[in-house]
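Student: Provided herewith: model-v5.pdb, PDB, C-alpha atoms, pLDDT in the B column.
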```pdb
ATOM      1  CA  MET A   1      95.054 110.714   8.694  1.00 50.00           C
ATOM      2  CA  ASP A   2      92.630 111.177  11.591  1.00 69.00           C
ATOM      3  CA  ASN A   3      93.388 110.358  15.208  1.00 76.00           C
ATOM      4  CA  TYR A   4      90.625 107.794  15.664  1.00 85.00           C
ATOM      5  CA  TYR A   5      91.732 104.323  16.676  1.00 88.00           C
ATOM      6  CA  VAL A   6      91.536 101.400  14.265  1.00 91.00           C
ATOM      7  CA  ARG A   7      93.549  98.202  14.362  1.00 93.00           C
ATOM      8  CA  ARG A   8      96.116  98.206  11.562  1.00 90.00           C
ATOM      9  CA  GLU A   9      98.229  95.200  12.523  1.00 92.00           C
ATOM     10  CA  ILE A  10      97.140  91.587  12.332  1.00 94.00           C
ATOM     11  CA  PHE A  11      99.141  90.783  15.461  1.00 95.00           C
ATOM     12  CA  PRO A  12      99.856  93.966  17.457  1.00 92.00           C
ATOM     13  CA  GLU A  13     102.900  93.685  19.678  1.00 90.00           C
ATOM     14  CA  GLN A  14     102.522  96.960  21.549  1.00 89.00           C
ATOM     15  CA  PRO A  15      99.554  97.408  23.900  1.00 87.00           C
ATOM     16  CA  VAL A  16      97.221 100.281  23.119  1.00 86.00           C
ATOM     17  CA  GLY A  17      96.341 100.466  26.803  1.00 80.00           C
ATOM     18  CA  PHE A  18      93.211 102.351  27.800  1.00 79.00           C
ATOM     19  CA  VAL A  19      91.049 103.712  25.000  1.00 81.00           C
ATOM     20  CA  SER A  20      89.103 106.904  25.654  1.00 80.00           C
ATOM     21  CA  CYS A  21      85.865 108.060  24.012  1.00 78.00           C
ATOM     22  CA  GLU A  22      87.821 110.742  22.161  1.00 79.00           C
ATOM     23  CA  MET A  23      89.775 108.004  20.358  1.00 79.00           C
ATOM     24  CA  LEU A  24      86.648 106.268  19.045  1.00 84.00           C
ATOM     25  CA  LEU A  25      84.161 106.934  16.292  1.00 81.00           C
ATOM     26  CA  GLN A  26      80.769 106.917  18.013  1.00 83.00           C
ATOM     27  CA  LYS A  27      78.528 105.685  15.201  1.00 91.00           C
ATOM     28  CA  LEU A  28      78.880 101.937  14.681  1.00 93.00           C
ATOM     29  CA  GLU A  29      78.416 102.294  10.922  1.00 95.00           C
ATOM     30  CA  ASP A  30      81.368 104.713  10.838  1.00 93.00           C
ATOM     31  CA  CYS A  31      83.450 102.156  12.743  1.00 93.00           C
ATOM     32  CA  TYR A  32      82.676  99.493  10.154  1.00 96.00           C
ATOM     33  CA  GLN A  33      83.532 101.876   7.314  1.00 95.00           C
ATOM     34  CA  LYS A  34      86.927 102.561   8.890  1.00 94.00           C
ATOM     35  CA  VAL A  35      87.595  98.805   9.119  1.00 95.00           C
ATOM     36  CA  HIS A  36      86.302  98.399   5.561  1.00 94.00           C
ATOM     37  CA  LYS A  37      88.840 100.956   4.330  1.00 92.00           C
ATOM     38  CA  CYS A  38      91.666  99.043   6.024  1.00 90.00           C
ATOM     39  CA  ILE A  39      90.904  95.657   4.463  1.00 92.00           C
ATOM     40  CA  SER A  40      89.094  96.312   1.163  1.00 86.00           C
ATOM     41  CA  SER A  41      92.221  96.463  -1.016  1.00 84.00           C
ATOM     42  CA  ASP A  42      92.237  92.643  -1.209  1.00 84.00           C
ATOM     43  CA  TRP A  43      89.256  90.680   0.087  1.00 83.00           C
ATOM     44  CA  SER A  44      91.036  87.400  -0.715  1.00 85.00           C
ATOM     45  CA  GLU A  45      93.453  88.064   2.158  1.00 92.00           C
ATOM     46  CA  ILE A  46      90.564  87.512   4.582  1.00 96.00           C
ATOM     47  CA  SER A  47      90.120  83.855   5.547  1.00 97.00           C
ATOM     48  CA  ALA A  48      87.369  84.122   8.140  1.00 98.00           C
ATOM     49  CA  TRP A  49      84.966  86.382  10.014  1.00 98.00           C
ATOM     50  CA  LYS A  50      84.204  86.206  13.718  1.00 98.00           C
ATOM     51  CA  LEU A  51      80.861  87.213  15.167  1.00 98.00           C
ATOM     52  CA  GLY A  52      79.876  88.560  18.561  1.00 97.00           C
ATOM     53  CA  GLY A  53      76.583  89.563  20.083  1.00 97.00           C
ATOM     54  CA  THR A  54      75.151  86.213  19.040  1.00 98.00           C
ATOM     55  CA  ASN A  55      74.768  84.881  22.572  1.00 97.00           C
ATOM     56  CA  ALA A  56      73.335  86.366  25.745  1.00 97.00           C
ATOM     57  CA  ALA A  57      76.727  86.833  27.409  1.00 95.00           C
ATOM     58  CA  THR A  58      78.237  89.089  24.730  1.00 96.00           C
ATOM     59  CA  GLN A  59      75.000  91.011  24.248  1.00 96.00           C
ATOM     60  CA  LYS A  60      75.012  91.815  27.972  1.00 96.00           C
ATOM     61  CA  ALA A  61      78.749  92.575  28.133  1.00 94.00           C
ATOM     62  CA  PHE A  62      78.608  95.119  25.294  1.00 94.00           C
ATOM     63  CA  ASN A  63      75.003  96.247  25.743  1.00 93.00           C
ATOM     64  CA  VAL A  64      73.925  95.328  22.200  1.00 94.00           C
ATOM     65  CA  GLU A  65      70.940  93.622  20.601  1.00 94.00           C
ATOM     66  CA  GLU A  66      72.494  93.139  17.155  1.00 95.00           C
ATOM     67  CA  LEU A  67      75.481  91.035  16.200  1.00 97.00           C
ATOM     68  CA  TYR A  68      78.855  92.617  15.436  1.00 97.00           C
ATOM     69  CA  PHE A  69      81.769  91.223  13.463  1.00 98.00           C
ATOM     70  CA  GLY A  70      85.429  91.425  12.498  1.00 97.00           C
ATOM     71  CA  PRO A  71      87.824  89.902   9.922  1.00 98.00           C
ATOM     72  CA  LEU A  72      90.589  87.332  10.326  1.00 98.00           C
ATOM     73  CA  SER A  73      93.453  87.127   7.820  1.00 96.00           C
ATOM     74  CA  LYS A  74      95.153  84.068   6.351  1.00 96.00           C
ATOM     75  CA  THR A  75      97.753  83.944   9.125  1.00 96.00           C
ATOM     76  CA  GLN A  76      94.980  83.833  11.746  1.00 97.00           C
ATOM     77  CA  VAL A  77      93.102  80.755  10.500  1.00 98.00           C
ATOM     78  CA  TYR A  78      94.313  77.167  10.896  1.00 97.00           C
ATOM     79  CA  HIS A  79      93.060  73.646  10.432  1.00 96.00           C
ATOM     80  CA  GLU A  80      93.552  71.099  13.176  1.00 94.00           C
ATOM     81  CA  GLY A  81      97.183  70.000  13.323  1.00 90.00           C
ATOM     82  CA  GLU A  82      98.601  72.876  11.263  1.00 93.00           C
ATOM     83  CA  CYS A  83     101.661  74.704  12.573  1.00 91.00           C
ATOM     84  CA  LEU A  84     101.266  78.367  13.442  1.00 94.00           C
ATOM     85  CA  HIS A  85     102.888  81.012  11.272  1.00 92.00           C
ATOM     86  CA  SER A  86     105.978  82.568  12.853  1.00 92.00           C
ATOM     87  CA  SER A  87     104.240  85.983  12.906  1.00 93.00           C
ATOM     88  CA  VAL A  88     101.582  84.887  15.413  1.00 96.00           C
ATOM     89  CA  ARG A  89     101.696  86.970  18.600  1.00 95.00           C
ATOM     90  CA  LEU A  90      98.955  87.028  21.233  1.00 96.00           C
ATOM     91  CA  PHE A  91      98.732  89.067  24.417  1.00 95.00           C
ATOM     92  CA  SER A  92      97.140  86.121  26.243  1.00 93.00           C
ATOM     93  CA  LEU A  93      95.895  82.625  25.499  1.00 95.00           C
ATOM     94  CA  GLN A  94      92.133  82.232  25.765  1.00 96.00           C
ATOM     95  CA  ALA A  95      89.789  79.927  23.872  1.00 97.00           C
ATOM     96  CA  GLU A  96      86.100  79.339  23.277  1.00 98.00           C
ATOM     97  CA  PRO A  97      84.213  76.731  21.221  1.00 98.00           C
ATOM     98  CA  GLU A  98      82.243  77.770  18.137  1.00 98.00           C
ATOM     99  CA  ILE A  99      80.373  76.480  15.098  1.00 98.00           C
ATOM    100  CA  CYS A 100      81.958  77.608  11.822  1.00 98.00           C
ATOM    101  CA  LEU A 101      80.264  77.744   8.433  1.00 98.00           C
ATOM    102  CA  ARG A 102      82.168  77.914   5.140  1.00 98.00           C
ATOM    103  CA  LEU A 103      80.994  80.104   2.275  1.00 97.00           C
ATOM    104  CA  SER A 104      80.080  78.335  -0.957  1.00 95.00           C
ATOM    105  CA  ARG A 105      80.669  81.318  -3.263  1.00 92.00           C
ATOM    106  CA  ASP A 106      81.803  84.911  -3.598  1.00 92.00           C
ATOM    107  CA  MET A 107      79.213  87.475  -2.621  1.00 90.00           C
ATOM    108  CA  GLY A 108      78.700  91.154  -1.985  1.00 86.00           C
ATOM    109  CA  PRO A 109      75.951  93.768  -1.837  1.00 82.00           C
ATOM    110  CA  GLY A 110      72.718  92.537  -3.447  1.00 74.00           C
ATOM    111  CA  VAL A 111      73.182  88.823  -2.671  1.00 74.00           C
ATOM    112  CA  ASP A 112      70.003  86.710  -2.527  1.00 71.00           C
ATOM    113  CA  PHE A 113      69.261  85.429   0.996  1.00 71.00           C
ATOM    114  CA  GLU A 114      66.155  83.389   0.191  1.00 73.00           C
ATOM    115  CA  ASP A 115      67.928  80.022   0.385  1.00 76.00           C
ATOM    116  CA  TYR A 116      70.269  80.183   3.382  1.00 78.00           C
ATOM    117  CA  THR A 117      71.720  76.687   2.944  1.00 79.00           C
ATOM    118  CA  ALA A 118      72.928  77.537  -0.593  1.00 87.00           C
ATOM    119  CA  LEU A 119      75.259  80.161   0.883  1.00 91.00           C
ATOM    120  CA  PHE A 120      77.385  77.549   2.682  1.00 95.00           C
ATOM    121  CA  SER A 121      79.329  74.515   1.470  1.00 96.00           C
ATOM    122  CA  SER A 122      80.166  72.893   4.815  1.00 97.00           C
ATOM    123  CA  TRP A 123      80.473  73.448   8.557  1.00 98.00           C
ATOM    124  CA  SER A 124      82.902  72.482  11.299  1.00 98.00           C
ATOM    125  CA  TRP A 125      83.566  72.836  14.987  1.00 98.00           C
ATOM    126  CA  GLY A 126      86.058  75.545  15.831  1.00 98.00           C
ATOM    127  CA  LEU A 127      88.208  77.003  18.587  1.00 98.00           C
ATOM    128  CA  GLU A 128      88.406  80.790  18.594  1.00 98.00           C
ATOM    129  CA  TYR A 129      91.223  82.596  20.387  1.00 98.00           C
ATOM    130  CA  PRO A 130      90.450  86.304  20.916  1.00 97.00           C
ATOM    131  CA  ASN A 131      93.272  88.811  21.089  1.00 97.00           C
ATOM    132  CA  THR A 132      93.334  92.524  21.830  1.00 95.00           C
ATOM    133  CA  SER A 133      95.831  95.169  22.849  1.00 92.00           C
ATOM    134  CA  ILE A 134      93.065  97.291  24.417  1.00 91.00           C
ATOM    135  CA  GLU A 135      93.045  96.926  28.198  1.00 89.00           C
ATOM    136  CA  ASN A 136      89.593  98.400  28.856  1.00 89.00           C
ATOM    137  CA  MET A 137      87.739  96.750  25.979  1.00 91.00           C
ATOM    138  CA  VAL A 138      84.427  96.069  27.744  1.00 90.00           C
ATOM    139  CA  LYS A 139      84.255  99.573  29.230  1.00 88.00           C
ATOM    140  CA  ALA A 140      85.296 101.163  25.917  1.00 87.00           C
ATOM    141  CA  GLY A 141      82.315  99.451  24.312  1.00 90.00           C
ATOM    142  CA  VAL A 142      81.300  97.821  21.061  1.00 93.00           C
ATOM    143  CA  GLN A 143      82.754 100.676  18.984  1.00 93.00           C
ATOM    144  CA  ALA A 144      86.240  99.823  20.263  1.00 92.00           C
ATOM    145  CA  LEU A 145      85.581  96.133  19.660  1.00 95.00           C
ATOM    146  CA  VAL A 146      84.552  96.664  16.029  1.00 96.00           C
ATOM    147  CA  LEU A 147      87.520  98.964  15.382  1.00 94.00           C
ATOM    148  CA  ASP A 148      89.754  96.260  16.888  1.00 94.00           C
ATOM    149  CA  HIS A 149      88.465  93.721  14.342  1.00 96.00           C
ATOM    150  CA  CYS A 150      86.253  92.154  17.002  1.00 97.00           C
ATOM    151  CA  ALA A 151      89.399  91.283  19.025  1.00 96.00           C
ATOM    152  CA  ALA A 152      90.472  88.836  16.331  1.00 97.00           C
ATOM    153  CA  GLY A 153      93.223  86.433  17.365  1.00 97.00           C
ATOM    154  CA  LEU A 154      93.191  82.934  15.900  1.00 98.00           C
ATOM    155  CA  LEU A 155      90.615  80.483  14.605  1.00 98.00           C
ATOM    156  CA  CYS A 156      91.228  76.748  14.492  1.00 98.00           C
ATOM    157  CA  VAL A 157      88.702  74.751  12.456  1.00 98.00           C
ATOM    158  CA  GLY A 158      88.115  71.031  12.638  1.00 97.00           C
ATOM    159  CA  THR A 159      86.944  68.436  10.144  1.00 97.00           C
ATOM    160  CA  GLU A 160      84.491  69.822   7.615  1.00 97.00           C
ATOM    161  CA  LYS A 161      81.034  68.282   7.582  1.00 97.00           C
ATOM    162  CA  PRO A 162      78.167  68.445   5.058  1.00 96.00           C
ATOM    163  CA  ILE A 163      76.001  71.498   5.628  1.00 94.00           C
ATOM    164  CA  SER A 164      72.955  69.214   5.826  1.00 92.00           C
ATOM    165  CA  ASP A 165      74.394  67.659   9.009  1.00 94.00           C
ATOM    166  CA  LEU A 166      73.746  70.899  10.894  1.00 93.00           C
ATOM    167  CA  GLN A 167      70.081  69.910  11.064  1.00 89.00           C
ATOM    168  CA  ALA A 168      71.049  67.035  13.370  1.00 93.00           C
ATOM    169  CA  LEU A 169      72.367  69.402  16.035  1.00 96.00           C
ATOM    170  CA  ASP A 170      70.135  69.922  19.048  1.00 97.00           C
ATOM    171  CA  ARG A 171      70.106  73.014  21.233  1.00 97.00           C
ATOM    172  CA  ASN A 172      70.709  70.759  24.236  1.00 98.00           C
ATOM    173  CA  ASP A 173      73.865  69.190  22.793  1.00 98.00           C
ATOM    174  CA  SER A 174      76.566  69.827  25.385  1.00 98.00           C
ATOM    175  CA  VAL A 175      79.799  71.580  24.418  1.00 98.00           C
ATOM    176  CA  GLU A 176      82.875  71.459  26.647  1.00 98.00           C
ATOM    177  CA  LEU A 177      86.483  72.580  26.636  1.00 98.00           C
ATOM    178  CA  GLU A 178      88.931  70.295  28.365  1.00 98.00           C
ATOM    179  CA  THR A 179      92.612  70.633  29.173  1.00 96.00           C
ATOM    180  CA  ARG A 180      94.844  68.469  31.339  1.00 93.00           C
ATOM    181  CA  ALA A 181      91.889  66.040  31.645  1.00 92.00           C
ATOM    182  CA  GLN A 182      89.825  68.752  33.359  1.00 96.00           C
ATOM    183  CA  VAL A 183      86.711  70.449  31.973  1.00 98.00           C
ATOM    184  CA  ILE A 184      87.325  74.206  32.065  1.00 98.00           C
ATOM    185  CA  SER A 185      84.275  75.508  30.188  1.00 98.00           C
ATOM    186  CA  GLU A 186      80.756  74.161  29.670  1.00 98.00           C
ATOM    187  CA  GLY A 187      77.926  75.275  27.429  1.00 98.00           C
ATOM    188  CA  SER A 188      75.641  74.037  24.679  1.00 98.00           C
ATOM    189  CA  VAL A 189      74.624  74.576  21.072  1.00 98.00           C
ATOM    190  CA  GLY A 190      71.678  76.503  22.509  1.00 97.00           C
ATOM    191  CA  ASN A 191      74.017  79.262  23.721  1.00 98.00           C
ATOM    192  CA  LEU A 192      73.577  80.759  20.259  1.00 98.00           C
ATOM    193  CA  LEU A 193      70.427  82.865  20.245  1.00 97.00           C
ATOM    194  CA  SER A 194      69.580  81.741  16.691  1.00 96.00           C
ATOM    195  CA  PRO A 195      70.466  78.576  14.741  1.00 95.00           C
ATOM    196  CA  PRO A 196      73.968  78.700  13.181  1.00 96.00           C
ATOM    197  CA  ILE A 197      72.776  79.090   9.573  1.00 94.00           C
ATOM    198  CA  GLN A 198      70.366  81.863  10.544  1.00 94.00           C
ATOM    199  CA  THR A 199      73.128  83.577  12.538  1.00 96.00           C
ATOM    200  CA  ALA A 200      75.569  83.440   9.623  1.00 96.00           C
ATOM    201  CA  ALA A 201      72.933  84.636   7.141  1.00 93.00           C
ATOM    202  CA  ASP A 202      72.009  87.557   9.424  1.00 94.00           C
ATOM    203  CA  PHE A 203      75.683  88.512   9.492  1.00 96.00           C
ATOM    204  CA  LEU A 204      75.993  88.379   5.692  1.00 95.00           C
ATOM    205  CA  ARG A 205      72.876  90.482   5.280  1.00 92.00           C
ATOM    206  CA  LEU A 206      74.215  93.141   7.681  1.00 94.00           C
ATOM    207  CA  ALA A 207      77.757  93.125   6.306  1.00 95.00           C
ATOM    208  CA  THR A 208      76.824  93.297   2.627  1.00 93.00           C
ATOM    209  CA  LYS A 209      74.578  96.288   3.366  1.00 92.00           C
ATOM    210  CA  LEU A 210      77.679  97.940   4.848  1.00 94.00           C
ATOM    211  CA  GLY A 211      79.628  97.236   1.647  1.00 93.00           C
ATOM    212  CA  PHE A 212      81.716  94.264   2.778  1.00 95.00           C
ATOM    213  CA  GLU A 213      82.536  91.540   0.256  1.00 94.00           C
ATOM    214  CA  PHE A 214      83.135  87.829   0.706  1.00 95.00           C
ATOM    215  CA  ARG A 215      85.062  85.095  -1.048  1.00 95.00           C
ATOM    216  CA  GLU A 216      84.303  81.427  -1.502  1.00 96.00           C
ATOM    217  CA  GLY A 217      85.923  79.312   1.205  1.00 97.00           C
ATOM    218  CA  GLN A 218      85.936  81.941   3.942  1.00 97.00           C
ATOM    219  CA  TYR A 219      84.730  80.754   7.346  1.00 98.00           C
ATOM    220  CA  ILE A 220      82.191  82.398   9.616  1.00 98.00           C
ATOM    221  CA  ALA A 221      82.708  81.702  13.326  1.00 98.00           C
ATOM    222  CA  THR A 222      79.199  82.188  14.675  1.00 98.00           C
ATOM    223  CA  GLY A 223      79.916  82.924  18.352  1.00 98.00           C
ATOM    224  CA  GLY A 224      80.838  81.301  21.635  1.00 98.00           C
ATOM    225  CA  LEU A 225      78.985  78.186  22.760  1.00 98.00           C
ATOM    226  CA  ALA A 226      80.653  78.226  26.183  1.00 98.00           C
ATOM    227  CA  PRO A 227      82.546  80.844  28.216  1.00 97.00           C
ATOM    228  CA  CYS A 228      85.954  81.920  26.961  1.00 97.00           C
ATOM    229  CA  LYS A 229      88.673  80.605  29.276  1.00 97.00           C
ATOM    230  CA  VAL A 230      92.374  81.234  29.806  1.00 96.00           C
ATOM    231  CA  ILE A 231      94.507  78.278  28.780  1.00 95.00           C
ATOM    232  CA  ALA A 232      98.136  77.317  29.289  1.00 94.00           C
ATOM    233  CA  PRO A 233     100.635  77.293  26.423  1.00 95.00           C
ATOM    234  CA  ASP A 234     101.911  73.961  25.090  1.00 95.00           C
ATOM    235  CA  GLN A 235      98.835  72.169  26.446  1.00 95.00           C
ATOM    236  CA  ASP A 236      96.153  70.510  24.352  1.00 96.00           C
ATOM    237  CA  VAL A 237      92.703  72.065  24.467  1.00 97.00           C
ATOM    238  CA  VAL A 238      90.013  69.557  23.521  1.00 98.00           C
ATOM    239  CA  LEU A 239      86.558  70.519  22.267  1.00 98.00           C
ATOM    240  CA  ARG A 240      83.989  67.869  23.139  1.00 98.00           C
ATOM    241  CA  VAL A 241      80.368  67.653  22.017  1.00 98.00           C
ATOM    242  CA  ASN A 242      78.179  65.325  24.075  1.00 98.00           C
ATOM    243  CA  GLY A 243      81.428  63.885  25.438  1.00 97.00           C
ATOM    244  CA  ARG A 244      82.895  63.098  22.001  1.00 97.00           C
ATOM    245  CA  GLU A 245      86.156  64.712  20.951  1.00 98.00           C
ATOM    246  CA  GLU A 246      85.684  66.931  17.897  1.00 98.00           C
ATOM    247  CA  LEU A 247      88.791  69.117  17.870  1.00 98.00           C
ATOM    248  CA  ARG A 248      92.176  69.352  19.580  1.00 97.00           C
ATOM    249  CA  MET A 249      94.629  72.250  19.475  1.00 96.00           C
ATOM    250  CA  SER A 250      97.759  73.351  21.316  1.00 95.00           C
ATOM    251  CA  LEU A 251      99.359  76.791  21.111  1.00 95.00           C
ATOM    252  CA  PRO A 252     103.098  77.106  21.716  1.00 94.00           C
ATOM    253  CA  SER A 253     104.496  79.531  24.265  1.00 94.00           C
ATOM    254  CA  ARG A 254     106.300  81.381  21.448  1.00 94.00           C
ATOM    255  CA  ALA A 255     102.870  82.652  20.331  1.00 94.00           C
ATOM    256  CA  LEU A 256     102.756  84.968  23.340  1.00 94.00           C
ATOM    257  CA  VAL A 257     103.939  88.562  22.924  1.00 92.00           C
ATOM    258  CA  ASP A 258     106.158  88.425  26.018  1.00 83.00           C
ATOM    259  CA  ALA A 259     107.603  84.984  25.266  1.00 61.00           C
TER     260      ALA A 259
END
```
Now that the file is in, can you turn its structure into structure tokens?
Tutor:
Amino acid sequence: MDNYYVRREIFPEQPVGFVSCEMLLQKLEDCYQKVHKCISSDWSEISAWKLGGTNAATQKAFNVEELYFGPLSKTQVYHEGECLHSSVRLFSLQAEPEICLRLSRDMGPGVDFEDYTALFSSWSWGLEYPNTSIENMVKAGVQALVLDHCAAGLLCVGTEKPISDLQALDRNDSVELETRAQVISEGSVGNLLSPPIQTAADFLRLATKLGFEFREGQYIATGGLAPCKVIAPDQDVVLRVNGREELRMSLPSRALVDA
């Protein structure tokens, strides 16, 4: 076993602390291959994939021009109103709003990308809760982020909608997070640099070239539509689009590592 860092626990309970360059593989493709080795024994255990580098903020933070991604397991993905698994442990509670697409079929290297809409069965609004045990993530860079499964925490998905309804979204549609009747984060559909279907298809094209495989029903969280914000435990977080409630989620204090 080498000494390079890679996340091996779904919910780490011990902080890694500060990651040095010597702990990281420097080529991004090598980082993905190390993650691939950790999860490829059973692709069906993966319930979703989270993307980064799909908006201007994350591209600037990690100095990238191409998207990056990480897996989320079954115990990290929930539908609105579901109770969290007892294993859930997060170092902090933070949330951001996203658009999630659901895969219509299994796929792997060699998949046909000519008809993007055929790749997806539905879409939904989502709340993504990042989680990492690395204290200097931004300074450590995108290599650390990829090796940490893109700081995967939790994903909460709302009501599924027909994939054709995505065409009705406008880049100017406002997206807000609200808690305790106060708006804490504001953005828009246009925060994504490309349309959601294009973003998800670009991810699949990149990931299949790297050897990753996908299963029908997995979600793709396409990236933050508004800044990620710290939230309080046991308080509802409401995702609103053009003022209309689309999703509501509350995380219990027991989900915190130090609870």
Student: Skipping near chain neighbours, those fewer than 3 positions away, what residues fall within 12 Å of Glu29 of chain A using all atoms listed in the file, listed as a PyMOL selection string?
Tutor: chain A and resi 25-26+32-36+68-69+142-143+146-147+206-207+209-212
Student: Mind telling me what the PyMOL selection byres ((chain A and resi 164) around 10) catches here, as a PDB file with C-alpha atoms, in the coordinates of the input?
Tutor:
```pdb
ATOM      1  CA  THR A 117      71.720  76.687   2.944  1.00 79.00           C
ATOM      2  CA  PHE A 120      77.385  77.549   2.682  1.00 95.00           C
ATOM      3  CA  SER A 121      79.329  74.515   1.470  1.00 96.00           C
ATOM      4  CA  SER A 122      80.166  72.893   4.815  1.00 97.00           C
ATOM      5  CA  TRP A 123      80.473  73.448   8.557  1.00 98.00           C
ATOM      6  CA  LYS A 161      81.034  68.282   7.582  1.00 97.00           C
ATOM      7  CA  PRO A 162      78.167  68.445   5.058  1.00 96.00           C
ATOM      8  CA  ILE A 163      76.001  71.498   5.628  1.00 94.00           C
ATOM      9  CA  ASP A 165      74.394  67.659   9.009  1.00 94.00           C
ATOM     10  CA  LEU A 166      73.746  70.899  10.894  1.00 93.00           C
ATOM     11  CA  GLN A 167      70.081  69.910  11.064  1.00 89.00           C
ATOM     12  CA  ALA A 168      71.049  67.035  13.370  1.00 93.00           C
TER      13      ALA A 168
END
```
Student: As a check of understanding, name the residues that the PyMOL selection byres ((chain A and resi 87-94) around 9) selects in the supplied structure, as a VMD selection string.
Tutor: chain A and resid 10 to 13 15 75 to 76 84 to 86 95 to 96 128 to 133 153 to 154 228 to 233 251 254 to 258
Student: Please indicate the distance in Å from atom CA of Arg8 of chain A to atom CA of Ile39 of chain A, rounded to one decimal place.
Tutor: 9.2 Å
Student: Emit as JSON the padded axis-aligned box for all listed atoms of segment 79-85 of chain A, 5 Å per side, with centre and edge lengths in Å to one decimal.
Tutor:
```
{"center_x": 98.0, "center_y": 75.5, "center_z": 11.9, "size_x": 19.8, "size_y": 21.0, "size_z": 13.0}
```
Student: Out of A:Leu193, A:Val175, A:Leu155, A:Leu24, which residue has the shortest atom-to-atom distance to Glu246 of chain A when counting only C-alpha atoms?
Tutor: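 That would be A:Val175, the residue with the smallest distance to Glu246 of chain A.
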Student: Tell me which residues the PyMOL selection byres ((chain A and resi 103) around 12) grabs here, as a ChimeraX atom specification.
Tutor: /A:47-49,100-102,104-107,116-124,163,197,200-201,204,213-221
Student: Between A:Val77, A:Leu145, A:Leu192, A:Val16, which residue has the minimum interatomic distance to Leu28 of chain A, considering all atoms listed in the file?
Tutor: A:Leu145
Student: Mind rebuilding segment 14-29 of chain A with N, CA and C atoms and writing that out as a PDB file, keeping the file's coordinate frame?
Tutor:
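In the end it all went to selection-v3.pdb:
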```
ATOM      1  N   GLN A  14     102.487  95.918  20.533  1.00 89.00           N
ATOM      2  CA  GLN A  14     102.522  96.960  21.549  1.00 89.00           C
ATOM      3  C   GLN A  14     101.105  97.201  22.059  1.00 89.00           C
ATOM      4  N   PRO A  15     100.900  97.177  23.370  1.00 87.00           N
ATOM      5  CA  PRO A  15      99.554  97.408  23.900  1.00 87.00           C
ATOM      6  C   PRO A  15      99.080  98.831  23.651  1.00 87.00           C
ATOM      7  N   VAL A  16      97.827  98.961  23.274  1.00 86.00           N
ATOM      8  CA  VAL A  16      97.221 100.281  23.119  1.00 86.00           C
ATOM      9  C   VAL A  16      96.950 100.883  24.488  1.00 86.00           C
ATOM     10  N   GLY A  17      96.655 100.005  25.459  1.00 80.00           N
ATOM     11  CA  GLY A  17      96.341 100.466  26.803  1.00 80.00           C
ATOM     12  C   GLY A  17      94.873 100.829  26.915  1.00 80.00           C
ATOM     13  N   PHE A  18      94.590 101.942  27.566  1.00 79.00           N
ATOM     14  CA  PHE A  18      93.211 102.351  27.800  1.00 79.00           C
ATOM     15  C   PHE A  18      92.744 103.280  26.682  1.00 79.00           C
ATOM     16  N   VAL A  19      91.610 102.938  26.100  1.00 81.00           N
ATOM     17  CA  VAL A  19      91.049 103.712  25.000  1.00 81.00           C
ATOM     18  C   VAL A  19      89.980 104.648  25.538  1.00 81.00           C
ATOM     19  N   SER A  20      90.080 105.919  25.200  1.00 80.00           N
ATOM     20  CA  SER A  20      89.103 106.904  25.654  1.00 80.00           C
ATOM     21  C   SER A  20      88.052 107.145  24.572  1.00 80.00           C
ATOM     22  N   CYS A  21      86.940 107.754  24.960  1.00 78.00           N
ATOM     23  CA  CYS A  21      85.865 108.060  24.012  1.00 78.00           C
ATOM     24  C   CYS A  21      86.365 108.942  22.879  1.00 78.00           C
ATOM     25  N   GLU A  22      87.311 109.826  23.181  1.00 79.00           N
ATOM     26  CA  GLU A  22      87.821 110.742  22.161  1.00 79.00           C
ATOM     27  C   GLU A  22      88.583 110.009  21.066  1.00 79.00           C
ATOM     28  N   MET A  23      89.020 108.785  21.343  1.00 79.00           N
ATOM     29  CA  MET A  23      89.775 108.004  20.358  1.00 79.00           C
ATOM     30  C   MET A  23      88.864 107.181  19.456  1.00 79.00           C
ATOM     31  N   LEU A  24      87.557 107.175  19.736  1.00 84.00           N
ATOM     32  CA  LEU A  24      86.648 106.268  19.045  1.00 84.00           C
ATOM     33  C   LEU A  24      85.614 107.015  18.217  1.00 84.00           C
ATOM     34  N   LEU A  25      85.330 106.494  17.041  1.00 81.00           N
ATOM     35  CA  LEU A  25      84.161 106.934  16.292  1.00 81.00           C
ATOM     36  C   LEU A  25      82.934 106.456  17.048  1.00 81.00           C
ATOM     37  N   GLN A  26      81.909 107.262  17.169  1.00 83.00           N
ATOM     38  CA  GLN A  26      80.769 106.917  18.013  1.00 83.00           C
ATOM     39  C   GLN A  26      79.660 106.178  17.271  1.00 83.00           C
ATOM     40  N   LYS A  27      79.539 106.406  15.967  1.00 91.00           N
ATOM     41  CA  LYS A  27      78.528 105.685  15.201  1.00 91.00           C
ATOM     42  C   LYS A  27      79.102 104.350  14.737  1.00 91.00           C
ATOM     43  N   LEU A  28      78.378 103.269  15.006  1.00 93.00           N
ATOM     44  CA  LEU A  28      78.880 101.937  14.681  1.00 93.00           C
ATOM     45  C   LEU A  28      79.111 101.791  13.174  1.00 93.00           C
ATOM     46  N   GLU A  29      78.235 102.377  12.372  1.00 95.00           N
ATOM     47  CA  GLU A  29      78.416 102.294  10.922  1.00 95.00           C
ATOM     48  C   GLU A  29      79.726 102.948  10.494  1.00 95.00           C
TER      49      GLU A  29
END
```
